[in-house]
Amino acid sequence: MATLEIRNLTKSYDGETPALDDISLQIEHGELVALLGPSGCGKTTTLRLVAGFIEPDTGSIQVGGEVIASPKFSLPPERRHMSMIFQSYAIWPHKTIYQNVAYGLKYRGVNGGEAAEKVKKMLGVVQLDHLAERYPGELSGGQQQRVALARALVVEPEILLLDEPLSNLDANLREEMRFEIRRLHDEFQFTSVYVTHDQSEAMVIADRICVMNHGKIEQLGTPSEIYERPETRFVADFVGTTNLLSGHLSGSDRFDLENGIVLPIATQAQIVAEQDVSISLRPHDILLRKPTQNGAGVGEDGYHVYPGTVEECFYFGELLDYQIRIGENCVLRTITPPGNRYGTGDPVNVLIHPDHCVLVREN
Ligand code: ADP
């Protein structure tokens with residue numbers, strides 16, 4: 001079983017500033033975990049430690065219960081049964097596509113008919129069988145990355161490491177390749193670590209996302225947990241767009257904003273009251289309605305109603321992106337499907353449900 005376990009890993013390049021600050025993470029057999037975070041947060045350092053290119057200051061890395069890295073011991077990269085895919089593809093320019101994919105097998109002592117069969121099958125999987133005799137320079141960026149994928153997968157690694165593999169591709173191709181990587185993962189189920197700073201890529205590709213910041217893990221969870229139940233201000237803001245509202249808890253089901261407006265919160269709020277918290281409210285969770293005579297209050301479906309005014313409206317065809325003022329110092333970004341369209345200065349009722357007001361810790 002290729003379970004990957006990272007325990008209390010610390011790494012500093014200069015002996016002072018930690019690039020990784022005591023991270024622990026378990027990746028199950030066959031699972032794909034994305035390390036997601038801004039530049040410099042420690043994603044690549046984590047991957048390089050797992051690959052064996054650098055050694056930890058403290059902590060350990062285990063595969064299937066066996067220690068492969070600790071401050072005292074480091075299994076050489078070539079004995080770790082891992083494949084790595086880089087942003088730069090790193091394929092041999094003077095070898096054909098076939099030879100590139102066959103290379104890793106040759107290195108592992110798989111030759112002849114067995115190797116030929118495996119290469120042919122893998123080139124079929126990544127839809128490059130018709131280009132086997134071409135050289136990398138004769139392929140597009142997307143095709144070259146498919147070669148890198150085929151080369152990594154053909155050796156059937158215990159662990160697959162991917163370092164921003166789609167960053168060099170243009171936007172359309174990047175989107176297409178996300179689905180391709182997920183399809184390949186579903187087919188082969190290698191335990192995989194995928195480094196990216198692109199949240200939509202992580203959402204589509206990963207079973208779980210590990211959000212990192214300043215060398216630490218902020219939150220680990222499924223894409224929907226990360227998006228719908230962010231635990232910190234950083235996660236709420238980094239993954240998707242949100243309204244982050246400061247204030248304080250004034251009861252088990254209410255949160256007072258600084259301007260006197262009270263937002264409802266669901267009683268299952270997990271974060272304890274003593275902590276410094278804010279509210280994250282996603283723009284598309286807010287509903288807009290024409291004002292009624294009833295004014296503010298609570299509707300039958302549990303939505304709380306706040307009178308507001310449209311400050312700005314941007315038309316994107318498939319959606320409308322509003323700035324709605326509901327009080328002094330309180331403007332909410334609100335995204336709605338096209339339909340009823342409100343103009344600048346129009347009064348509106350803003351509907352907010354307690355389930356959508358997510359308490360997040362300040363960092
Ligand atoms: P990410 O992959 O999330 O962009 P990295 O793991 O590359 O982040 O970097 C984490 C921190 O370690 C950053 O502050 C970076 O400047 C530093 N760092 C990375 N590689 C080196 C290196 N070879 N020498 C010195 N500092 C480094």
# chains A, B, ... in the order shown; residues from 1 in each chain; ligands from 1
>>> residues_near_ligand(ligand="ligand 1", cutoff="10 Å", atoms="only C-alpha atoms and all ligand atoms", output="JSON, numbers by chain")
{"A": [11, 12, 13, 14, 15, 17, 18, 19, 20, 35, 36, 37, 38, 39, 40, 41, 42, 43, 44, 45, 46, 47, 48, 49, 54, 163, 164, 195, 196, 197, 212, 213, 214, 215]}
>>> write_last_selection(atoms="N, CA, C and O atoms", output="tab-separated table (two decimals), in the first residue's frame")
chain	number	residue	atom	x	y	z
A	11	LYS	N	11.66	22.47	7.36
A	11	LYS	CA	12.80	22.69	6.48
A	11	LYS	C	13.10	24.18	6.38
A	11	LYS	O	12.20	25.00	6.17
A	12	SER	N	14.37	24.52	6.56
A	12	SER	CA	14.79	25.90	6.35
A	12	SER	C	15.99	25.86	5.42
A	12	SER	O	16.86	25.00	5.57
A	13	TYR	N	16.04	26.77	4.46
A	13	TYR	CA	17.18	26.78	3.53
A	13	TYR	C	18.35	27.58	4.11
A	13	TYR	O	19.49	27.30	3.81
A	14	ASP	N	18.01	28.59	4.93
A	14	ASP	CA	19.09	29.46	5.45
A	14	ASP	C	19.36	29.24	6.94
A	14	ASP	O	20.15	29.96	7.55
A	15	GLY	N	18.69	28.26	7.52
A	15	GLY	CA	18.90	27.98	8.95
A	15	GLY	C	18.12	28.91	9.85
A	15	GLY	O	18.17	28.79	11.07
A	17	THR	N	14.85	31.23	8.48
A	17	THR	CA	13.44	31.31	8.07
A	17	THR	C	12.94	29.92	7.68
A	17	THR	O	13.56	29.28	6.82
A	18	PRO	N	11.83	29.48	8.27
A	18	PRO	CA	11.34	28.16	7.87
A	18	PRO	C	10.59	28.22	6.53
A	18	PRO	O	9.69	29.04	6.35
A	19	ALA	N	11.03	27.39	5.58
A	19	ALA	CA	10.27	27.26	4.32
A	19	ALA	C	9.09	26.33	4.59
A	19	ALA	O	8.01	26.47	4.01
A	20	LEU	N	9.29	25.38	5.49
A	20	LEU	CA	8.21	24.50	5.97
A	20	LEU	C	8.27	24.48	7.48
A	20	LEU	O	9.33	24.29	8.07
A	35	LEU	N	-1.51	20.27	-3.29
A	35	LEU	CA	-0.96	21.28	-2.39
A	35	LEU	C	-1.23	22.62	-3.07
A	35	LEU	O	-0.73	22.88	-4.17
A	36	LEU	N	-2.06	23.44	-2.44
A	36	LEU	CA	-2.50	24.69	-3.06
A	36	LEU	C	-2.11	25.87	-2.18
A	36	LEU	O	-2.32	25.83	-0.96
A	37	GLY	N	-1.57	26.91	-2.79
A	37	GLY	CA	-1.23	28.09	-2.00
A	37	GLY	C	-0.47	29.08	-2.86
A	37	GLY	O	-0.04	28.75	-3.97
A	38	PRO	N	-0.27	30.29	-2.33
A	38	PRO	CA	0.43	31.31	-3.11
A	38	PRO	C	1.92	30.99	-3.25
A	38	PRO	O	2.44	30.13	-2.53
A	39	SER	N	2.57	31.68	-4.14
A	39	SER	CA	3.99	31.49	-4.37
A	39	SER	C	4.78	31.66	-3.07
A	39	SER	O	4.50	32.57	-2.30
A	40	GLY	N	5.70	30.75	-2.82
A	40	GLY	CA	6.55	30.86	-1.63
A	40	GLY	C	5.97	30.23	-0.38
A	40	GLY	O	6.57	30.31	0.69
A	41	CYS	N	4.83	29.55	-0.46
A	41	CYS	CA	4.20	29.01	0.75
A	41	CYS	C	4.78	27.65	1.15
A	41	CYS	O	4.45	27.13	2.20
A	42	GLY	N	5.62	27.06	0.30
A	42	GLY	CA	6.28	25.80	0.70
A	42	GLY	C	5.82	24.56	-0.07
A	42	GLY	O	6.20	23.45	0.28
A	43	LYS	N	5.04	24.74	-1.13
A	43	LYS	CA	4.52	23.58	-1.88
A	43	LYS	C	5.65	22.78	-2.51
A	43	LYS	O	5.74	21.56	-2.35
A	44	THR	N	6.52	23.48	-3.26
A	44	THR	CA	7.59	22.78	-3.98
A	44	THR	C	8.57	22.17	-3.01
A	44	THR	O	9.08	21.07	-3.24
A	45	THR	N	8.83	22.86	-1.89
A	45	THR	CA	9.73	22.31	-0.88
A	45	THR	C	9.17	20.97	-0.38
A	45	THR	O	9.90	19.99	-0.26
A	46	THR	N	7.88	20.92	-0.12
A	46	THR	CA	7.25	19.66	0.32
A	46	THR	C	7.46	18.57	-0.72
A	46	THR	O	7.87	17.44	-0.40
A	47	LEU	N	7.21	18.92	-1.98
A	47	LEU	CA	7.33	17.92	-3.06
A	47	LEU	C	8.77	17.43	-3.21
A	47	LEU	O	9.01	16.24	-3.39
A	48	ARG	N	9.71	18.36	-3.09
A	48	ARG	CA	11.13	18.00	-3.25
A	48	ARG	C	11.60	17.13	-2.09
A	48	ARG	O	12.45	16.26	-2.27
A	49	LEU	N	11.04	17.37	-0.92
A	49	LEU	CA	11.37	16.51	0.23
A	49	LEU	C	10.85	15.10	0.01
A	49	LEU	O	11.52	14.11	0.29
A	54	ILE	N	15.88	17.01	-1.52
A	54	ILE	CA	16.42	17.71	-0.35
A	54	ILE	C	16.03	16.91	0.90
A	54	ILE	O	15.16	16.03	0.83
A	163	ASP	N	4.47	18.75	-10.34
A	163	ASP	CA	4.85	20.10	-9.92
A	163	ASP	C	4.35	21.13	-10.93
A	163	ASP	O	5.00	21.34	-11.96
A	164	GLU	N	3.22	21.73	-10.67
A	164	GLU	CA	2.60	22.72	-11.57
A	164	GLU	C	2.66	22.25	-13.03
A	164	GLU	O	3.15	22.98	-13.90
A	195	VAL	N	1.13	19.78	-7.06
A	195	VAL	CA	1.38	21.15	-6.61
A	195	VAL	C	0.78	22.15	-7.60
A	195	VAL	O	1.00	22.04	-8.81
A	196	THR	N	0.02	23.09	-7.10
A	196	THR	CA	-0.54	24.14	-7.96
A	196	THR	C	-0.85	25.40	-7.15
A	196	THR	O	-1.07	25.33	-5.96
A	197	HIS	N	-0.85	26.55	-7.85
A	197	HIS	CA	-1.30	27.77	-7.17
A	197	HIS	C	-2.67	28.14	-7.74
A	197	HIS	O	-3.22	29.18	-7.40
A	212	MET	N	-1.98	25.72	1.78
A	212	MET	CA	-0.78	26.09	2.55
A	212	MET	C	-0.57	27.60	2.52
A	212	MET	O	-0.92	28.27	1.57
A	213	ASN	N	0.05	28.10	3.59
A	213	ASN	CA	0.40	29.52	3.68
A	213	ASN	C	1.58	29.66	4.63
A	213	ASN	O	1.55	29.07	5.72
A	214	HIS	N	2.58	30.40	4.23
A	214	HIS	CA	3.76	30.64	5.08
A	214	HIS	C	4.33	29.35	5.69
A	214	HIS	O	4.60	29.29	6.89
A	215	GLY	N	4.46	28.31	4.88
A	215	GLY	CA	5.10	27.08	5.35
A	215	GLY	C	4.25	26.22	6.27
A	215	GLY	O	4.74	25.25	6.84
>>> residues_around(residues="Pro71 of chain A", least_positions_apart="2", cutoff="7 Å", atoms="only C-alpha atoms", output="compact mmCIF listing (two decimals) with C-alpha atoms, in the first residue's frame")
# COMPACT_ATOMS: atom_id res chain seq x y z
CA GLU A 55 16.45 16.47 3.24
CA PRO A 56 14.29 17.51 6.19
CA ASP A 57 15.60 19.37 9.26
CA THR A 58 13.11 17.58 11.51
CA ALA A 69 13.33 10.39 4.91
CA PHE A 73 18.25 8.80 6.90
>>> atom_distance(atom1="atom CA of Ile97 of chain A", atom2="atom CA of Ile181 of chain A")
19.0 Å
>>> residues_around(residues="Ala90 of chain A", least_positions_apart="2", cutoff="10 Å", atoms="only C-alpha atoms", output="compact mmCIF listing (two decimals) with N, CA and C atoms, in the first residue's frame")
# COMPACT_ATOMS: atom_id res chain seq x y z
N MET A 84 8.06 11.86 -11.28
CA MET A 84 7.75 13.28 -11.10
C MET A 84 7.51 13.94 -12.45
N ILE A 85 6.52 14.81 -12.47
CA ILE A 85 6.21 15.56 -13.70
C ILE A 85 6.43 17.03 -13.41
N PHE A 86 7.21 17.69 -14.29
CA PHE A 86 7.59 19.08 -14.04
C PHE A 86 6.83 20.02 -14.97
N GLN A 87 6.82 21.28 -14.55
CA GLN A 87 6.24 22.36 -15.36
C GLN A 87 6.89 22.40 -16.75
N SER A 88 8.20 22.15 -16.78
CA SER A 88 8.97 22.31 -18.02
C SER A 88 8.95 21.05 -18.88
N TRP A 92 13.36 14.38 -23.24
CA TRP A 92 14.61 14.43 -24.02
C TRP A 92 14.34 14.94 -25.44
N PRO A 93 14.98 16.05 -25.85
CA PRO A 93 14.69 16.59 -27.19
C PRO A 93 15.21 15.71 -28.33
N GLN A 144 3.46 17.65 -25.62
CA GLN A 144 4.70 17.36 -24.89
C GLN A 144 4.39 17.00 -23.43
N GLN A 145 3.38 17.69 -22.86
CA GLN A 145 3.05 17.37 -21.48
C GLN A 145 2.40 15.98 -21.40
N VAL A 147 3.37 13.52 -23.23
CA VAL A 147 4.53 12.61 -23.27
C VAL A 147 5.09 12.47 -21.85
N ALA A 148 5.21 13.61 -21.16
CA ALA A 148 5.74 13.59 -19.79
C ALA A 148 4.83 12.74 -18.89
>>> atom_distance(atom1="atom CA of Arg341 of chain A", atom2="atom CA of Asp285 of chain A")
16.9 Å
>>> closest_residue(among="A:Glu328, A:Asp170, A:Ser83, A:Ile23", to="Val193 of chain A", atoms="only C-alpha atoms")
A:Ser83
>>> closest_residue(among="A:Val331, A:Cys357, A:Leu162, A:Val350", to="Ala266 of chain A", atoms="only C-alpha atoms")
A:Cys357
>>> residues_around(residues="Leu153 of chain A", least_positions_apart="2", cutoff="9 Å", atoms="only C-alpha atoms", output="CSV table (one decimal) with all heavy atoms, in the first residue's frame")
chain,number,residue,atom,x,y,z
A,83,SER,N,7.5,8.8,-9.6
A,83,SER,CA,7.7,9.5,-10.9
A,83,SER,C,7.3,11.0,-10.6
A,83,SER,O,6.4,11.3,-9.8
A,83,SER,CB,6.7,9.0,-11.9
A,83,SER,OG,7.2,7.8,-12.4
A,122,MET,N,0.5,2.8,-23.2
A,122,MET,CA,0.5,4.1,-22.6
A,122,MET,C,0.3,5.3,-23.6
A,122,MET,O,-0.4,6.2,-23.3
A,122,MET,CB,1.7,4.3,-21.7
A,122,MET,CG,1.7,5.4,-20.8
A,122,MET,SD,0.2,5.5,-19.7
A,122,MET,CE,0.5,4.1,-18.6
A,148,ALA,N,5.2,13.6,-21.2
A,148,ALA,CA,5.7,13.6,-19.8
A,148,ALA,C,4.8,12.7,-18.9
A,148,ALA,O,5.3,12.0,-18.1
A,148,ALA,CB,5.9,15.0,-19.2
A,149,LEU,N,3.5,12.9,-19.1
A,149,LEU,CA,2.6,12.1,-18.3
A,149,LEU,C,2.7,10.6,-18.6
A,149,LEU,O,2.8,9.7,-17.7
A,149,LEU,CB,1.1,12.5,-18.7
A,149,LEU,CG,0.5,13.6,-17.9
A,149,LEU,CD1,-0.8,14.1,-18.6
A,149,LEU,CD2,0.2,13.2,-16.5
A,150,ALA,N,2.8,10.3,-19.9
A,150,ALA,CA,3.0,8.8,-20.3
A,150,ALA,C,4.3,8.3,-19.7
A,150,ALA,O,4.3,7.2,-19.2
A,150,ALA,CB,3.0,8.7,-21.8
A,151,ARG,N,5.3,9.1,-19.8
A,151,ARG,CA,6.6,8.6,-19.3
A,151,ARG,C,6.6,8.3,-17.8
A,151,ARG,O,7.2,7.4,-17.2
A,151,ARG,CB,7.7,9.6,-19.6
A,151,ARG,CG,9.1,9.1,-19.4
A,151,ARG,CD,10.1,10.1,-19.6
A,151,ARG,NE,9.8,11.3,-18.8
A,151,ARG,CZ,10.5,12.4,-18.8
A,151,ARG,NH1,11.6,12.5,-19.6
A,151,ARG,NH2,10.2,13.4,-18.1
A,155,VAL,N,5.9,3.6,-15.9
A,155,VAL,CA,6.7,2.8,-14.9
A,155,VAL,C,6.0,2.3,-13.7
A,155,VAL,O,6.5,1.7,-12.8
A,155,VAL,CB,8.0,3.6,-14.5
A,155,VAL,CG1,8.9,3.9,-15.7
A,155,VAL,CG2,7.6,4.8,-13.8
A,156,GLU,N,4.7,2.7,-13.7
A,156,GLU,CA,3.8,2.3,-12.6
A,156,GLU,C,4.4,2.6,-11.2
A,156,GLU,O,4.7,1.7,-10.4
A,156,GLU,CB,3.4,0.8,-12.7
A,156,GLU,CG,2.7,0.5,-13.9
A,156,GLU,CD,2.5,-1.0,-14.1
A,156,GLU,OE1,2.4,-1.8,-13.2
A,156,GLU,OE2,2.4,-1.4,-15.3
A,157,PRO,N,4.6,3.9,-11.0
A,157,PRO,CA,5.2,4.3,-9.7
A,157,PRO,C,4.3,4.1,-8.5
A,157,PRO,O,3.1,4.0,-8.6
A,157,PRO,CB,5.4,5.9,-9.9
A,157,PRO,CG,4.3,6.2,-10.8
A,157,PRO,CD,4.1,5.1,-11.7
A,160,LEU,N,3.1,9.3,-7.5
A,160,LEU,CA,3.2,10.2,-8.6
A,160,LEU,C,3.3,11.7,-8.1
A,160,LEU,O,2.4,12.1,-7.3
A,160,LEU,CB,2.1,10.0,-9.5
A,160,LEU,CG,2.0,10.9,-10.8
A,160,LEU,CD1,3.2,10.5,-11.7
A,160,LEU,CD2,0.7,10.6,-11.6
A,188,PHE,N,-5.8,5.0,-13.3
A,188,PHE,CA,-4.6,4.3,-12.7
A,188,PHE,C,-4.5,4.4,-11.2
A,188,PHE,O,-3.8,3.5,-10.6
A,188,PHE,CB,-3.3,4.9,-13.3
A,188,PHE,CG,-3.2,4.7,-14.7
A,188,PHE,CD1,-3.5,5.6,-15.7
A,188,PHE,CD2,-2.7,3.4,-15.2
A,188,PHE,CE1,-3.4,5.3,-17.0
A,188,PHE,CE2,-2.6,3.1,-16.5
A,188,PHE,CZ,-3.0,4.1,-17.5
A,190,PHE,N,-2.9,6.1,-8.9
A,190,PHE,CA,-1.6,6.2,-8.2
A,190,PHE,C,-1.8,7.2,-7.0
A,190,PHE,O,-2.5,8.2,-7.2
A,190,PHE,CB,-0.5,6.7,-9.1
A,190,PHE,CG,-0.2,5.7,-10.2
A,190,PHE,CD1,-0.2,6.1,-11.5
A,190,PHE,CD2,0.3,4.4,-9.9
A,190,PHE,CE1,0.1,5.2,-12.5
A,190,PHE,CE2,0.6,3.5,-10.9
A,190,PHE,CZ,0.5,3.9,-12.2
>>> closest_residue(among="A:Asp207, A:Asp237, A:Glu187, A:Glu158", to="Val125 of chain A", atoms="only C-alpha atoms")
A:Glu187
>>> residues_around(residues="Ala206 of chain A", least_positions_apart="2", cutoff="6 Å", atoms="only C-alpha atoms", output="PDB file with all heavy atoms, in the first residue's frame")
ATOM      1  N   LEU A  32      -5.438  11.427  -4.589  1.00  0.00           N
ATOM      2  CA  LEU A  32      -4.709  12.557  -5.186  1.00  0.00           C
ATOM      3  C   LEU A  32      -4.950  13.795  -4.322  1.00  0.00           C
ATOM      4  O   LEU A  32      -6.075  14.252  -4.180  1.00  0.00           O
ATOM      5  CB  LEU A  32      -5.180  12.812  -6.622  1.00  0.00           C
ATOM      6  CG  LEU A  32      -4.332  13.772  -7.464  1.00  0.00           C
ATOM      7  CD1 LEU A  32      -4.581  13.562  -8.957  1.00  0.00           C
ATOM      8  CD2 LEU A  32      -4.525  15.229  -7.132  1.00  0.00           C
ATOM      9  N   VAL A  33      -3.868  14.272  -3.715  1.00  0.00           N
ATOM     10  CA  VAL A  33      -3.978  15.476  -2.876  1.00  0.00           C
ATOM     11  C   VAL A  33      -3.258  16.623  -3.570  1.00  0.00           C
ATOM     12  O   VAL A  33      -2.116  16.475  -4.019  1.00  0.00           O
ATOM     13  CB  VAL A  33      -3.379  15.226  -1.471  1.00  0.00           C
ATOM     14  CG1 VAL A  33      -3.240  16.530  -0.699  1.00  0.00           C
ATOM     15  CG2 VAL A  33      -4.269  14.257  -0.690  1.00  0.00           C
ATOM     16  N   ALA A  34      -3.934  17.764  -3.676  1.00  0.00           N
ATOM     17  CA  ALA A  34      -3.310  18.957  -4.265  1.00  0.00           C
ATOM     18  C   ALA A  34      -2.772  19.830  -3.153  1.00  0.00           C
ATOM     19  O   ALA A  34      -3.470  20.090  -2.165  1.00  0.00           O
ATOM     20  CB  ALA A  34      -4.332  19.726  -5.086  1.00  0.00           C
ATOM     21  N   ALA A 202      -6.985  22.758  -8.767  1.00  0.00           N
ATOM     22  CA  ALA A 202      -7.030  21.895  -7.576  1.00  0.00           C
ATOM     23  C   ALA A 202      -8.443  21.345  -7.371  1.00  0.00           C
ATOM     24  O   ALA A 202      -8.627  20.167  -7.067  1.00  0.00           O
ATOM     25  CB  ALA A 202      -6.582  22.674  -6.348  1.00  0.00           C
ATOM     26  N   MET A 203      -9.454  22.170  -7.584  1.00  0.00           N
ATOM     27  CA  MET A 203     -10.853  21.759  -7.391  1.00  0.00           C
ATOM     28  C   MET A 203     -11.216  20.598  -8.314  1.00  0.00           C
ATOM     29  O   MET A 203     -11.866  19.654  -7.903  1.00  0.00           O
ATOM     30  CB  MET A 203     -11.802  22.911  -7.737  1.00  0.00           C
ATOM     31  CG  MET A 203     -11.750  24.036  -6.786  1.00  0.00           C
ATOM     32  SD  MET A 203     -12.769  23.662  -5.359  1.00  0.00           S
ATOM     33  CE  MET A 203     -12.989  25.254  -4.723  1.00  0.00           C
ATOM     34  N   ARG A 208      -8.552  15.546  -2.304  1.00  0.00           N
ATOM     35  CA  ARG A 208      -8.502  16.489  -1.181  1.00  0.00           C
ATOM     36  C   ARG A 208      -7.514  17.594  -1.516  1.00  0.00           C
ATOM     37  O   ARG A 208      -6.559  17.376  -2.265  1.00  0.00           O
ATOM     38  CB  ARG A 208      -8.075  15.787   0.108  1.00  0.00           C
ATOM     39  CG  ARG A 208      -9.202  14.956   0.725  1.00  0.00           C
ATOM     40  CD  ARG A 208      -8.835  14.478   2.122  1.00  0.00           C
ATOM     41  NE  ARG A 208      -7.639  13.663   2.115  1.00  0.00           N
ATOM     42  CZ  ARG A 208      -6.885  13.452   3.193  1.00  0.00           C
ATOM     43  NH1 ARG A 208      -7.189  14.013   4.338  1.00  0.00           N
ATOM     44  NH2 ARG A 208      -5.812  12.677   3.125  1.00  0.00           N
TER      45      ARG A 208
END
>>> select_by_dssp(residues="segment 281-337 of chain A", states="strand (DSSP E or B)", output="number ranges by chain")
A: 281, 287-289, 297-298, 304-315, 320-327, 330-336
>>> closest_residue(among="A:Ile27, A:Cys313, A:Val360, A:Leu166", to="Asp276 of chain A", atoms="only C-alpha atoms")
A:Val360
>>> residues_around(residues="Val204 of chain A", least_positions_apart="3", cutoff="12 Å", atoms="only C-alpha atoms", output="list in words")
Leu32, Val33, Ala34, Arg174, Glu175, Glu176, Met177, Arg178, Phe179, Glu180, Ile181, Arg182, Arg183, His185, Tyr194, Thr196, Asp198, Gln199, Ser200, Glu201, Asp207, Arg208, Ile209, Thr222, Pro223 and Ser224 of chain A
